$ cat protein.tsv   # TSV, C-alpha atoms
chain	number	residue	atom	x	y	z
A	1	MET	CA	39.81	16.73	96.46
A	2	ILE	CA	43.16	18.11	95.32
A	3	GLU	CA	44.73	20.31	97.98
A	4	ILE	CA	47.60	22.56	96.98
A	5	LYS	CA	49.25	24.53	99.78
A	6	ASP	CA	52.05	27.04	99.26
A	7	LEU	CA	53.33	25.33	96.12
A	8	SER	CA	56.63	26.78	94.91
A	9	VAL	CA	58.67	25.50	91.97
A	10	CYS	CA	62.11	26.77	90.95
A	11	TYR	CA	64.44	25.57	88.22
A	12	LYS	CA	67.59	26.59	86.40
A	13	TRP	CA	67.54	27.88	82.83
A	14	GLN	CA	70.66	29.20	81.08
A	15	ASN	CA	72.44	29.37	84.45
A	16	GLN	CA	69.67	31.48	85.95
A	17	ASP	CA	67.36	30.56	88.81
A	18	ILE	CA	63.74	30.79	87.64
A	19	THR	CA	60.76	30.76	90.00
A	20	ALA	CA	57.78	29.39	88.05
A	21	LEU	CA	55.29	29.14	90.93
A	22	GLU	CA	55.43	30.78	94.33
A	23	ASN	CA	53.17	30.03	97.31
A	24	LEU	CA	50.30	28.90	95.08
A	25	SER	CA	47.38	27.57	97.11
A	26	ILE	CA	44.03	26.22	95.93
A	27	ASP	CA	41.58	23.39	96.62
A	28	ILE	CA	40.18	21.61	93.56
A	29	GLU	CA	36.86	19.88	94.13
A	30	ASN	CA	36.24	16.36	92.88
A	31	GLY	CA	34.15	16.02	89.72
A	32	LYS	CA	34.77	19.57	88.49
A	33	ILE	CA	36.66	21.09	85.56
A	34	TYR	CA	39.06	23.81	86.68
A	35	THR	CA	40.39	25.88	83.80
A	36	PHE	CA	43.63	27.68	84.62
A	37	ILE	CA	44.37	30.80	82.60
A	38	GLY	CA	47.21	33.28	82.77
A	39	PRO	CA	49.96	34.99	80.76
A	40	SER	CA	52.72	33.02	79.07
A	41	GLY	CA	55.40	31.85	81.48
A	42	CYS	CA	53.22	32.05	84.59
A	43	GLY	CA	53.75	28.38	85.50
A	44	LYS	CA	50.56	26.78	84.17
A	45	SER	CA	52.33	23.83	82.57
A	46	THR	CA	54.65	23.55	85.57
A	47	LEU	CA	51.59	23.08	87.77
A	48	LEU	CA	50.43	20.25	85.52
A	49	TYR	CA	53.83	18.54	85.69
A	50	VAL	CA	53.63	18.63	89.49
A	51	LEU	CA	50.10	17.19	89.54
A	52	SER	CA	51.07	14.45	87.07
A	53	GLY	CA	54.05	13.37	89.19
A	54	ILE	CA	56.53	14.27	86.44
A	55	ASN	CA	58.04	17.09	88.53
A	56	LYS	CA	58.77	15.99	92.09
A	57	GLN	CA	61.08	18.87	92.97
A	58	TYR	CA	58.89	21.47	94.65
A	59	GLY	CA	58.17	23.19	97.92
A	60	GLY	CA	54.83	23.14	99.71
A	61	GLU	CA	52.28	20.35	99.81
A	62	VAL	CA	50.16	18.74	97.10
A	63	THR	CA	47.72	15.91	97.91
A	64	ILE	CA	45.01	14.02	96.06
A	65	ASP	CA	42.28	12.81	98.41
A	66	GLY	CA	44.67	13.21	101.32
A	67	ARG	CA	47.57	11.30	99.75
A	68	GLY	CA	50.74	12.50	98.11
A	69	ILE	CA	50.98	12.26	94.33
A	70	ASP	CA	51.87	8.74	93.23
A	71	PRO	CA	51.20	7.97	89.55
A	72	LYS	CA	51.73	4.26	90.23
A	73	ALA	CA	48.89	4.17	92.75
A	74	GLN	CA	46.64	6.87	91.29
A	75	ARG	CA	45.03	7.00	87.87
A	76	ILE	CA	46.19	10.25	86.32
A	77	GLY	CA	45.43	10.95	82.66
A	78	LEU	CA	47.49	13.51	80.76
A	79	ILE	CA	46.48	15.08	77.43
A	80	LEU	CA	49.07	17.31	75.78
A	81	GLN	CA	48.97	19.96	73.06
A	82	ASN	CA	51.09	17.78	70.76
A	83	TYR	CA	48.82	14.76	71.42
A	84	GLY	CA	51.63	12.60	72.87
A	85	LEU	CA	50.95	9.63	70.59
A	86	VAL	CA	53.65	7.01	70.00
A	87	PRO	CA	54.32	7.15	66.23
A	88	TRP	CA	55.17	3.45	65.78
A	89	LYS	CA	52.02	2.23	67.54
A	90	THR	CA	48.57	1.97	65.98
A	91	VAL	CA	45.60	4.02	67.11
A	92	TYR	CA	44.36	1.02	69.10
A	93	GLN	CA	47.74	0.51	70.79
A	94	ASN	CA	48.02	4.21	71.60
A	95	ALA	CA	44.49	4.35	72.99
A	96	MET	CA	45.12	1.35	75.24
A	97	LEU	CA	48.60	2.41	76.32
A	98	GLY	CA	47.49	3.76	79.70
A	99	LEU	CA	45.93	0.42	80.60
A	100	LYS	CA	49.06	-1.42	79.49
A	101	ILE	CA	51.29	0.79	81.64
A	102	LYS	CA	48.94	0.25	84.59
A	103	LYS	CA	49.08	-3.50	83.87
A	104	ASP	CA	45.28	-3.59	83.70
A	105	ARG	CA	43.40	-5.89	81.36
A	106	TYR	CA	44.67	-4.87	77.97
A	107	ARG	CA	41.70	-5.73	75.79
A	108	LEU	CA	38.88	-4.10	73.88
A	109	ASP	CA	35.92	-4.32	76.25
A	110	ASP	CA	32.47	-2.73	76.04
A	111	TYR	CA	33.61	0.42	77.82
A	112	SER	CA	36.56	0.95	75.46
A	113	ARG	CA	34.31	0.37	72.45
A	114	TYR	CA	31.85	2.93	73.81
A	115	ILE	CA	34.58	5.57	74.22
A	116	PHE	CA	35.94	4.87	70.74
A	117	GLU	CA	32.43	5.14	69.29
A	118	GLN	CA	31.72	8.41	71.09
A	119	LEU	CA	34.94	9.88	69.74
A	120	GLY	CA	34.46	8.48	66.25
A	121	ILE	CA	37.71	6.52	66.02
A	122	ASN	CA	36.33	2.97	65.56
A	123	ASP	CA	37.33	3.00	61.89
A	124	LEU	CA	40.82	4.30	62.67
A	125	LEU	CA	42.08	1.64	65.08
A	126	LYS	CA	44.56	0.05	62.65
A	127	ARG	CA	46.02	3.32	61.42
A	128	TYR	CA	49.19	5.03	62.66
A	129	PRO	CA	49.37	8.62	63.95
A	130	LYS	CA	51.02	9.92	60.75
A	131	GLU	CA	47.92	8.80	58.85
A	132	LEU	CA	45.60	10.94	60.98
A	133	SER	CA	44.60	14.59	60.94
A	134	GLY	CA	45.29	16.77	63.99
A	135	GLY	CA	41.68	16.47	65.13
A	136	GLN	CA	41.78	12.67	64.80
A	137	GLN	CA	45.03	12.49	66.78
A	138	GLN	CA	43.50	14.55	69.55
A	139	ARG	CA	40.48	12.23	69.65
A	140	VAL	CA	42.87	9.31	70.18
A	141	ALA	CA	44.62	11.19	72.99
A	142	ILE	CA	41.26	11.85	74.69
A	143	ALA	CA	40.25	8.21	74.23
A	144	ARG	CA	43.50	7.03	75.85
A	145	ALA	CA	42.84	9.22	78.88
A	146	PHE	CA	39.22	8.14	79.37
A	147	VAL	CA	39.76	4.43	78.66
A	148	MET	CA	41.96	4.16	81.75
A	149	ARG	CA	39.11	5.60	83.90
A	150	PRO	CA	41.27	8.33	85.49
A	151	ASP	CA	40.73	9.78	88.94
A	152	LEU	CA	42.34	12.99	87.68
A	153	LEU	CA	42.56	14.31	84.13
A	154	LEU	CA	45.22	16.88	83.23
A	155	MET	CA	44.97	18.79	79.95
A	156	ASP	CA	47.71	21.15	78.73
A	157	GLU	CA	46.27	23.41	75.99
A	158	PRO	CA	45.09	20.29	74.16
A	159	PHE	CA	43.06	22.04	71.44
A	160	SER	CA	45.21	25.09	70.69
A	161	ALA	CA	46.91	23.56	67.63
A	162	LEU	CA	43.59	22.74	65.93
A	163	ASP	CA	41.73	24.94	63.46
A	164	ALA	CA	38.70	26.80	64.85
A	165	ILE	CA	36.02	24.45	63.48
A	166	THR	CA	37.83	21.28	64.59
A	167	ARG	CA	38.60	22.83	67.98
A	168	GLU	CA	34.92	23.53	68.68
A	169	GLU	CA	33.97	20.01	67.58
A	170	ILE	CA	36.55	18.36	69.84
A	171	GLN	CA	35.65	20.64	72.76
A	172	GLU	CA	32.03	19.51	72.42
A	173	LEU	CA	33.04	15.83	72.23
A	174	PHE	CA	35.19	16.21	75.33
A	175	LEU	CA	32.36	17.84	77.30
A	176	ASN	CA	29.88	15.15	76.24
A	177	ILE	CA	32.14	12.40	77.55
A	178	TRP	CA	33.01	14.37	80.68
A	179	LYS	CA	29.32	14.88	81.52
A	180	GLU	CA	28.88	11.12	81.81
A	181	HIS	CA	31.97	10.41	83.90
A	182	GLN	CA	32.65	13.77	85.60
A	183	VAL	CA	36.37	13.21	86.05
A	184	THR	CA	38.16	15.82	88.14
A	185	THR	CA	39.93	17.87	85.47
A	186	VAL	CA	42.64	20.52	85.46
A	187	PHE	CA	42.61	22.26	82.09
A	188	ILE	CA	45.34	24.71	81.04
A	189	THR	CA	44.45	27.31	78.42
A	190	HIS	CA	45.43	30.72	77.05
A	191	SER	CA	41.94	31.31	75.69
A	192	VAL	CA	39.32	33.28	77.63
A	193	ASP	CA	36.62	31.80	75.41
A	194	GLU	CA	37.79	28.24	76.10
A	195	ALA	CA	38.06	28.86	79.84
A	196	LEU	CA	34.46	30.12	79.94
A	197	TYR	CA	33.13	27.31	77.77
A	198	LEU	CA	34.83	24.38	79.48
A	199	GLY	CA	35.44	25.38	83.09
A	200	SER	CA	33.09	24.85	86.00
A	201	ASN	CA	35.68	26.99	87.80
A	202	ILE	CA	38.12	29.49	86.27
A	203	VAL	CA	41.42	30.08	88.05
A	204	VAL	CA	43.32	33.22	87.05
A	205	LEU	CA	47.08	33.10	87.62
A	206	SER	CA	49.41	36.06	88.01
A	207	PRO	CA	52.46	36.66	85.81
A	208	ALA	CA	55.49	34.64	86.90
A	209	PRO	CA	55.98	33.54	89.53
A	210	GLY	CA	52.45	32.19	89.29
A	211	ARG	CA	50.00	32.67	92.14
A	212	VAL	CA	46.22	32.43	92.25
A	213	LEU	CA	44.69	35.85	91.61
A	214	GLU	CA	41.09	34.65	91.52
A	215	ASN	CA	39.11	31.39	91.64
A	216	ILE	CA	35.75	32.01	89.97
A	217	LYS	CA	32.74	29.71	89.96
A	218	ASN	CA	31.82	29.99	86.30
A	219	PRO	CA	28.18	31.08	85.76
A	220	CYS	CA	28.54	30.25	82.04
A	221	PHE	CA	29.36	26.56	82.50
A	222	MET	CA	26.97	24.24	80.62
A	223	MET	CA	24.93	27.22	79.42
A	224	ASP	CA	23.21	26.71	76.07
A	225	ASP	CA	24.02	29.15	73.25
A	226	LEU	CA	26.68	30.60	75.51
A	227	ARG	CA	28.15	33.26	73.25
A	228	SER	CA	24.81	35.03	72.80
A	229	LYS	CA	24.36	35.55	76.56
A	230	GLU	CA	25.16	38.83	78.29
A	231	VAL	CA	26.80	37.03	81.21
A	232	TYR	CA	29.33	35.50	78.80
A	233	HIS	CA	30.42	38.93	77.55
A	234	LEU	CA	30.53	40.31	81.10
A	235	MET	CA	32.69	37.40	82.27
A	236	ALA	CA	34.95	37.60	79.21
A	237	GLY	CA	35.48	41.30	79.82
A	238	HIS	CA	36.25	40.70	83.49
A	239	LEU	CA	38.83	38.01	82.69
A	240	ARG	CA	40.53	40.09	80.01
A	241	ASP	CA	40.72	43.07	82.37
A	242	LYS	CA	42.15	40.85	85.11
A	243	LEU	CA	44.76	39.39	82.80
A	244	SER	CA	45.75	42.51	80.90
A	245	ALA	CA	46.40	44.81	83.85
A	246	PRO	CA	49.12	45.76	84.39
A	247	PHE	CA	50.64	43.50	81.73
A	248	ALA	CA	49.14	44.49	78.38
A	249	SER	CA	51.38	41.99	76.58
A	250	CYS	CA	49.49	38.91	77.80
A	251	ARG	CA	48.68	36.61	74.86
A	252	LEU	CA	44.92	36.11	74.91
A	253	ASN	CA	42.24	35.23	72.36

$ encode --input "protein.tsv" --output "structure tokens"
Amino acid sequence: MIEIKDLSVCYKWQNQDITALENLSIDIENGKIYTFIGPSGCGKSTLLYVLSGINKQYGGEVTIDGRGIDPKAQRIGLILQNYGLVPWKTVYQNAMLGLKIKKDRYRLDDYSRYIFEQLGINDLLKRYPKELSGGQQQRVAIARAFVMRPDLLLMDEPFSALDAITREEIQELFLNIWKEHQVTTVFITHSVDEALYLGSNIVVLSPAPGRVLENIKNPCFMMDDLRSKEVYHLMAGHLRDKLSAPFASCRLN
């Protein structure tokens, strides 16, 4: 379990003190997907940087299974909006990079082959990122995260740059792989639709400084033909109301 207690993060920007998160507290259960949604600037990405170990300057307490965050000891996968691929490395080298950094066995084993096959990148292993479409690059980023068998998977708006058809395809691929391995996942999104489709729990954050407004157990999670169900439209309406009041300028889709 991830336990976050009174997390506060401040930083300087253009000689001003900015508070991104303030007294944010939440417990994240193992084996669940928690989608975090909130207005721009509410600290969603900042939360991810804390959980990944990139940002170590914060107040409060954050633990994973009772231990402080230590990327060297814990397996933490990070999937970014811009894919985060190394341009001078091949698809294979990028996909195996997490294992190489962890100094694990850096070879194509049955598990790696299975992940590559599921994501449809077997025929792309010798290519370079510039030779791939956006959807293909995101598949490689997902493969890299799953190949290292993470204890925690962090995803920062990973599908937002994709066109609608590709986005739905990659969302479905991600869920299919997640169902088999059920990695604890923190998923940042601006999209109400994506939060409802992918999250076993939906966490609504306030405008900056970010705090938890609501932690909802998602009744729509894993529901077939989701968008035709009344509960989907009720939940979508509830989330939009929660996010839009009193700040009508929140960017939602």

$ residues_around --input "protein.tsv" --residues "A:Leu234" --least-positions-apart "6" --cutoff "12 Å" --atoms "all atoms listed in the file" --output "PDB file with C-alpha atoms, in the coordinates of the input"
ATOM      1  CA  VAL A 192      39.320  33.280  77.630  1.00  0.00           C
ATOM      2  CA  ASP A 193      36.620  31.800  75.410  1.00  0.00           C
ATOM      3  CA  LEU A 196      34.460  30.120  79.940  1.00  0.00           C
ATOM      4  CA  ASN A 218      31.820  29.990  86.300  1.00  0.00           C
ATOM      5  CA  PRO A 219      28.180  31.080  85.760  1.00  0.00           C
ATOM      6  CA  CYS A 220      28.540  30.250  82.040  1.00  0.00           C
ATOM      7  CA  LEU A 226      26.680  30.600  75.510  1.00  0.00           C
ATOM      8  CA  ARG A 227      28.150  33.260  73.250  1.00  0.00           C
ATOM      9  CA  SER A 228      24.810  35.030  72.800  1.00  0.00           C
ATOM     10  CA  ARG A 240      40.530  40.090  80.010  1.00  0.00           C
ATOM     11  CA  ASP A 241      40.720  43.070  82.370  1.00  0.00           C
TER      12      ASP A 241
END

$ residues_around --input "protein.tsv" --residues "A:Asp123" --least-positions-apart "6" --cutoff "10 Å" --atoms "all atoms listed in the file" --output "MDAnalysis selection string"
chainID A and resid 91 116:117

$ atom_distance --input "protein.tsv" --atom1 "atom CA of A:Pro87" --atom2 "atom CA of A:Pro129"
5.6 Å

$ closest_residue --input "protein.tsv" --among "A:Glu172, A:Asp151, A:Asp110, A:Asp225" --to "A:Asp70" --atoms "all atoms listed in the file"
A:Asp151

$ atom_distance --input "protein.tsv" --atom1 "atom CA of A:Pro39" --atom2 "atom CA of A:Asp17"
19.7 Å

$ closest_residue --input "protein.tsv" --among "A:Lys217, A:His238, A:Lys12, A:Arg149" --to "A:Trp178" --atoms "all atoms listed in the file"
A:Arg149

$ closest_residue --input "protein.tsv" --among "A:Ile18, A:Tyr58, A:His233, A:Pro71" --to "A:Cys42" --atoms "only C-alpha atoms"
A:Ile18

$ residues_around --input "protein.tsv" --residues "A:Phe187" --least-positions-apart "4" --cutoff "12 Å" --atoms "all atoms listed in the file" --output "PDB file with C-alpha atoms, keeping the file's coordinate frame"
ATOM      1  CA  ILE A  28      40.180  21.610  93.560  1.00  0.00           C
ATOM      2  CA  LYS A  32      34.770  19.570  88.490  1.00  0.00           C
ATOM      3  CA  ILE A  33      36.660  21.090  85.560  1.00  0.00           C
ATOM      4  CA  TYR A  34      39.060  23.810  86.680  1.00  0.00           C
ATOM      5  CA  THR A  35      40.390  25.880  83.800  1.00  0.00           C
ATOM      6  CA  PHE A  36      43.630  27.680  84.620  1.00  0.00           C
ATOM      7  CA  ILE A  37      44.370  30.800  82.600  1.00  0.00           C
ATOM      8  CA  GLY A  38      47.210  33.280  82.770  1.00  0.00           C
ATOM      9  CA  LYS A  44      50.560  26.780  84.170  1.00  0.00           C
ATOM     10  CA  SER A  45      52.330  23.830  82.570  1.00  0.00           C
ATOM     11  CA  LEU A  47      51.590  23.080  87.770  1.00  0.00           C
ATOM     12  CA  LEU A  48      50.430  20.250  85.520  1.00  0.00           C
ATOM     13  CA  LEU A  51      50.100  17.190  89.540  1.00  0.00           C
ATOM     14  CA  GLY A  77      45.430  10.950  82.660  1.00  0.00           C
ATOM     15  CA  LEU A  78      47.490  13.510  80.760  1.00  0.00           C
ATOM     16  CA  ILE A  79      46.480  15.080  77.430  1.00  0.00           C
ATOM     17  CA  LEU A  80      49.070  17.310  75.780  1.00  0.00           C
ATOM     18  CA  GLN A  81      48.970  19.960  73.060  1.00  0.00           C
ATOM     19  CA  LEU A 152      42.340  12.990  87.680  1.00  0.00           C
ATOM     20  CA  LEU A 153      42.560  14.310  84.130  1.00  0.00           C
ATOM     21  CA  LEU A 154      45.220  16.880  83.230  1.00  0.00           C
ATOM     22  CA  MET A 155      44.970  18.790  79.950  1.00  0.00           C
ATOM     23  CA  ASP A 156      47.710  21.150  78.730  1.00  0.00           C
ATOM     24  CA  GLU A 157      46.270  23.410  75.990  1.00  0.00           C
ATOM     25  CA  PRO A 158      45.090  20.290  74.160  1.00  0.00           C
ATOM     26  CA  PHE A 159      43.060  22.040  71.440  1.00  0.00           C
ATOM     27  CA  GLN A 171      35.650  20.640  72.760  1.00  0.00           C
ATOM     28  CA  PHE A 174      35.190  16.210  75.330  1.00  0.00           C
ATOM     29  CA  VAL A 183      36.370  13.210  86.050  1.00  0.00           C
ATOM     30  CA  SER A 191      41.940  31.310  75.690  1.00  0.00           C
ATOM     31  CA  GLU A 194      37.790  28.240  76.100  1.00  0.00           C
ATOM     32  CA  ALA A 195      38.060  28.860  79.840  1.00  0.00           C
ATOM     33  CA  LEU A 196      34.460  30.120  79.940  1.00  0.00           C
ATOM     34  CA  TYR A 197      33.130  27.310  77.770  1.00  0.00           C
ATOM     35  CA  LEU A 198      34.830  24.380  79.480  1.00  0.00           C
ATOM     36  CA  GLY A 199      35.440  25.380  83.090  1.00  0.00           C
ATOM     37  CA  SER A 200      33.090  24.850  86.000  1.00  0.00           C
ATOM     38  CA  ASN A 201      35.680  26.990  87.800  1.00  0.00           C
ATOM     39  CA  ILE A 202      38.120  29.490  86.270  1.00  0.00           C
ATOM     40  CA  VAL A 203      41.420  30.080  88.050  1.00  0.00           C
TER      41      VAL A 203
END

$ closest_residue --input "protein.tsv" --among "A:Thr19, A:Gln14, A:Asn82, A:Asn215" --to "A:Gly59" --atoms "all atoms listed in the file"
A:Thr19

$ residues_around --input "protein.tsv" --residues "stretch 210-212 of chain A" --least-positions-apart "4" --cutoff "7 Å" --atoms "all atoms listed in the file" --output "VMD selection string"
chain A and resid 20 to 25 42 to 43 203 to 206

$ write_last_selection --input "protein.tsv" --atoms "C-alpha atoms" --output "PDB file, in the frame of the given file"
ATOM      1  CA  ALA A  20      57.780  29.390  88.050  1.00  0.00           C
ATOM      2  CA  LEU A  21      55.290  29.140  90.930  1.00  0.00           C
ATOM      3  CA  GLU A  22      55.430  30.780  94.330  1.00  0.00           C
ATOM      4  CA  ASN A  23      53.170  30.030  97.310  1.00  0.00           C
ATOM      5  CA  LEU A  24      50.300  28.900  95.080  1.00  0.00           C
ATOM      6  CA  SER A  25      47.380  27.570  97.110  1.00  0.00           C
ATOM      7  CA  CYS A  42      53.220  32.050  84.590  1.00  0.00           C
ATOM      8  CA  GLY A  43      53.750  28.380  85.500  1.00  0.00           C
ATOM      9  CA  VAL A 203      41.420  30.080  88.050  1.00  0.00           C
ATOM     10  CA  VAL A 204      43.320  33.220  87.050  1.00  0.00           C
ATOM     11  CA  LEU A 205      47.080  33.100  87.620  1.00  0.00           C
ATOM     12  CA  SER A 206      49.410  36.060  88.010  1.00  0.00           C
TER      13      SER A 206
END

$ closest_residue --input "protein.tsv" --among "A:Leu243, A:Ala164, A:Leu132, A:Ile4" --to "A:Ile69" --atoms "all atoms listed in the file"
A:Ile4

$ closest_residue --input "protein.tsv" --among "A:Pro209, A:Tyr128, A:His181, A:Ile165" --to "A:Leu7" --atoms "only C-alpha atoms"
A:Pro209

$ atom_distance --input "protein.tsv" --atom1 "atom CA of A:Lys179" --atom2 "atom CA of A:Lys5"
28.7 Å

$ residues_near_point --input "protein.tsv" --point "(38.0, 12.4, 62.2)" --cutoff "9 Å" --atoms "all atoms listed in the file" --output "number ranges by chain"
A: 119-121, 124, 132-137, 139

$ axis_aligned_box --input "protein.tsv" --around "stretch 56-72 of chain A" --padding-each-side "4 Å" --output "lines of an AutoDock Vina configuration file"
center_x = 51.7
center_y = 13.7
center_z = 95.4
size_x = 26.8
size_y = 26.9
size_z = 19.8

$ residues_around --input "protein.tsv" --residues "A:Val86" --least-positions-apart "3" --cutoff "12 Å" --atoms "only C-alpha atoms" --output "list in words"
Asn82, Tyr83, Lys89, Thr90, Val91, Tyr92, Gln93, Asn94, Ala95, Met96, Leu97, Gly98, Tyr128, Pro129, Lys130, Gln137, Val140, Ala141 and Arg144 of chain A

$ decode --input "protein.tsv" --residues "stretch 62-117 of chain A" --atoms "C-alpha atoms" --output "mmCIF file, in the first residue's frame"
data_model
loop_
_atom_site.group_PDB
_atom_site.id
_atom_site.type_symbol
_atom_site.label_atom_id
_atom_site.label_comp_id
_atom_site.auth_asym_id
_atom_site.auth_seq_id
_atom_site.Cartn_x
_atom_site.Cartn_y
_atom_site.Cartn_z
ATOM 1 C CA VAL A 62 5.128 9.064 1.714
ATOM 2 C CA THR A 63 5.732 5.312 2.054
ATOM 3 C CA ILE A 64 5.414 2.280 -0.191
ATOM 4 C CA ASP A 65 4.611 -0.864 1.800
ATOM 5 C CA GLY A 66 5.885 0.844 4.924
ATOM 6 C CA ARG A 67 9.193 2.027 3.454
ATOM 7 C CA GLY A 68 10.285 5.409 2.209
ATOM 8 C CA ILE A 69 10.580 5.911 -1.546
ATOM 9 C CA ASP A 70 13.830 4.484 -2.871
ATOM 10 C CA PRO A 71 13.935 3.943 -6.651
ATOM 11 C CA LYS A 72 17.132 1.900 -6.265
ATOM 12 C CA ALA A 73 15.404 -0.638 -4.028
ATOM 13 C CA GLN A 74 11.872 -0.445 -5.424
ATOM 14 C CA ARG A 75 10.689 -1.163 -8.943
ATOM 15 C CA ILE A 76 8.928 1.984 -10.095
ATOM 16 C CA GLY A 77 7.855 2.307 -13.728
ATOM 17 C CA LEU A 78 7.200 5.749 -15.202
ATOM 18 C CA ILE A 79 5.300 6.392 -18.451
ATOM 19 C CA LEU A 80 5.239 9.996 -19.657
ATOM 20 C CA GLN A 81 3.108 11.943 -22.121
ATOM 21 C CA ASN A 82 6.109 12.455 -24.417
ATOM 22 C CA TYR A 83 6.975 8.720 -24.232
ATOM 23 C CA GLY A 84 10.454 9.304 -22.749
ATOM 24 C CA LEU A 85 12.259 7.181 -25.338
ATOM 25 C CA VAL A 86 15.994 7.636 -25.926
ATOM 26 C CA PRO A 87 16.266 8.703 -29.596
ATOM 27 C CA TRP A 88 19.635 7.051 -30.295
ATOM 28 C CA LYS A 89 18.570 3.662 -28.937
ATOM 29 C CA THR A 90 16.533 1.062 -30.808
ATOM 30 C CA VAL A 91 13.060 -0.032 -29.764
ATOM 31 C CA TYR A 92 14.588 -3.128 -28.169
ATOM 32 C CA GLN A 93 17.175 -1.098 -26.247
ATOM 33 C CA ASN A 94 14.533 1.366 -25.078
ATOM 34 C CA ALA A 95 12.172 -1.397 -23.995
ATOM 35 C CA MET A 96 14.903 -3.114 -21.983
ATOM 36 C CA LEU A 97 16.347 0.079 -20.505
ATOM 37 C CA GLY A 98 14.639 -0.332 -17.126
ATOM 38 C CA LEU A 99 16.214 -3.760 -16.675
ATOM 39 C CA LYS A 100 19.618 -2.411 -17.669
ATOM 40 C CA ILE A 101 19.390 0.422 -15.143
ATOM 41 C CA LYS A 102 18.329 -2.075 -12.470
ATOM 42 C CA LYS A 103 21.280 -4.274 -13.511
ATOM 43 C CA ASP A 104 18.909 -7.195 -14.018
ATOM 44 C CA ARG A 105 19.421 -9.801 -16.711
ATOM 45 C CA TYR A 106 19.410 -7.755 -19.875
ATOM 46 C CA ARG A 107 18.131 -10.288 -22.376
ATOM 47 C CA LEU A 108 15.049 -11.159 -24.370
ATOM 48 C CA ASP A 109 13.338 -13.850 -22.291
ATOM 49 C CA ASP A 110 9.902 -15.439 -22.661
ATOM 50 C CA TYR A 111 8.246 -12.783 -20.507
ATOM 51 C CA SER A 112 9.708 -9.910 -22.548
ATOM 52 C CA ARG A 113 8.667 -11.610 -25.782
ATOM 53 C CA TYR A 114 5.144 -12.023 -24.416
ATOM 54 C CA ILE A 115 4.878 -8.314 -23.525
ATOM 55 C CA PHE A 116 6.244 -7.290 -26.930
ATOM 56 C CA GLU A 117 3.768 -9.605 -28.649
#
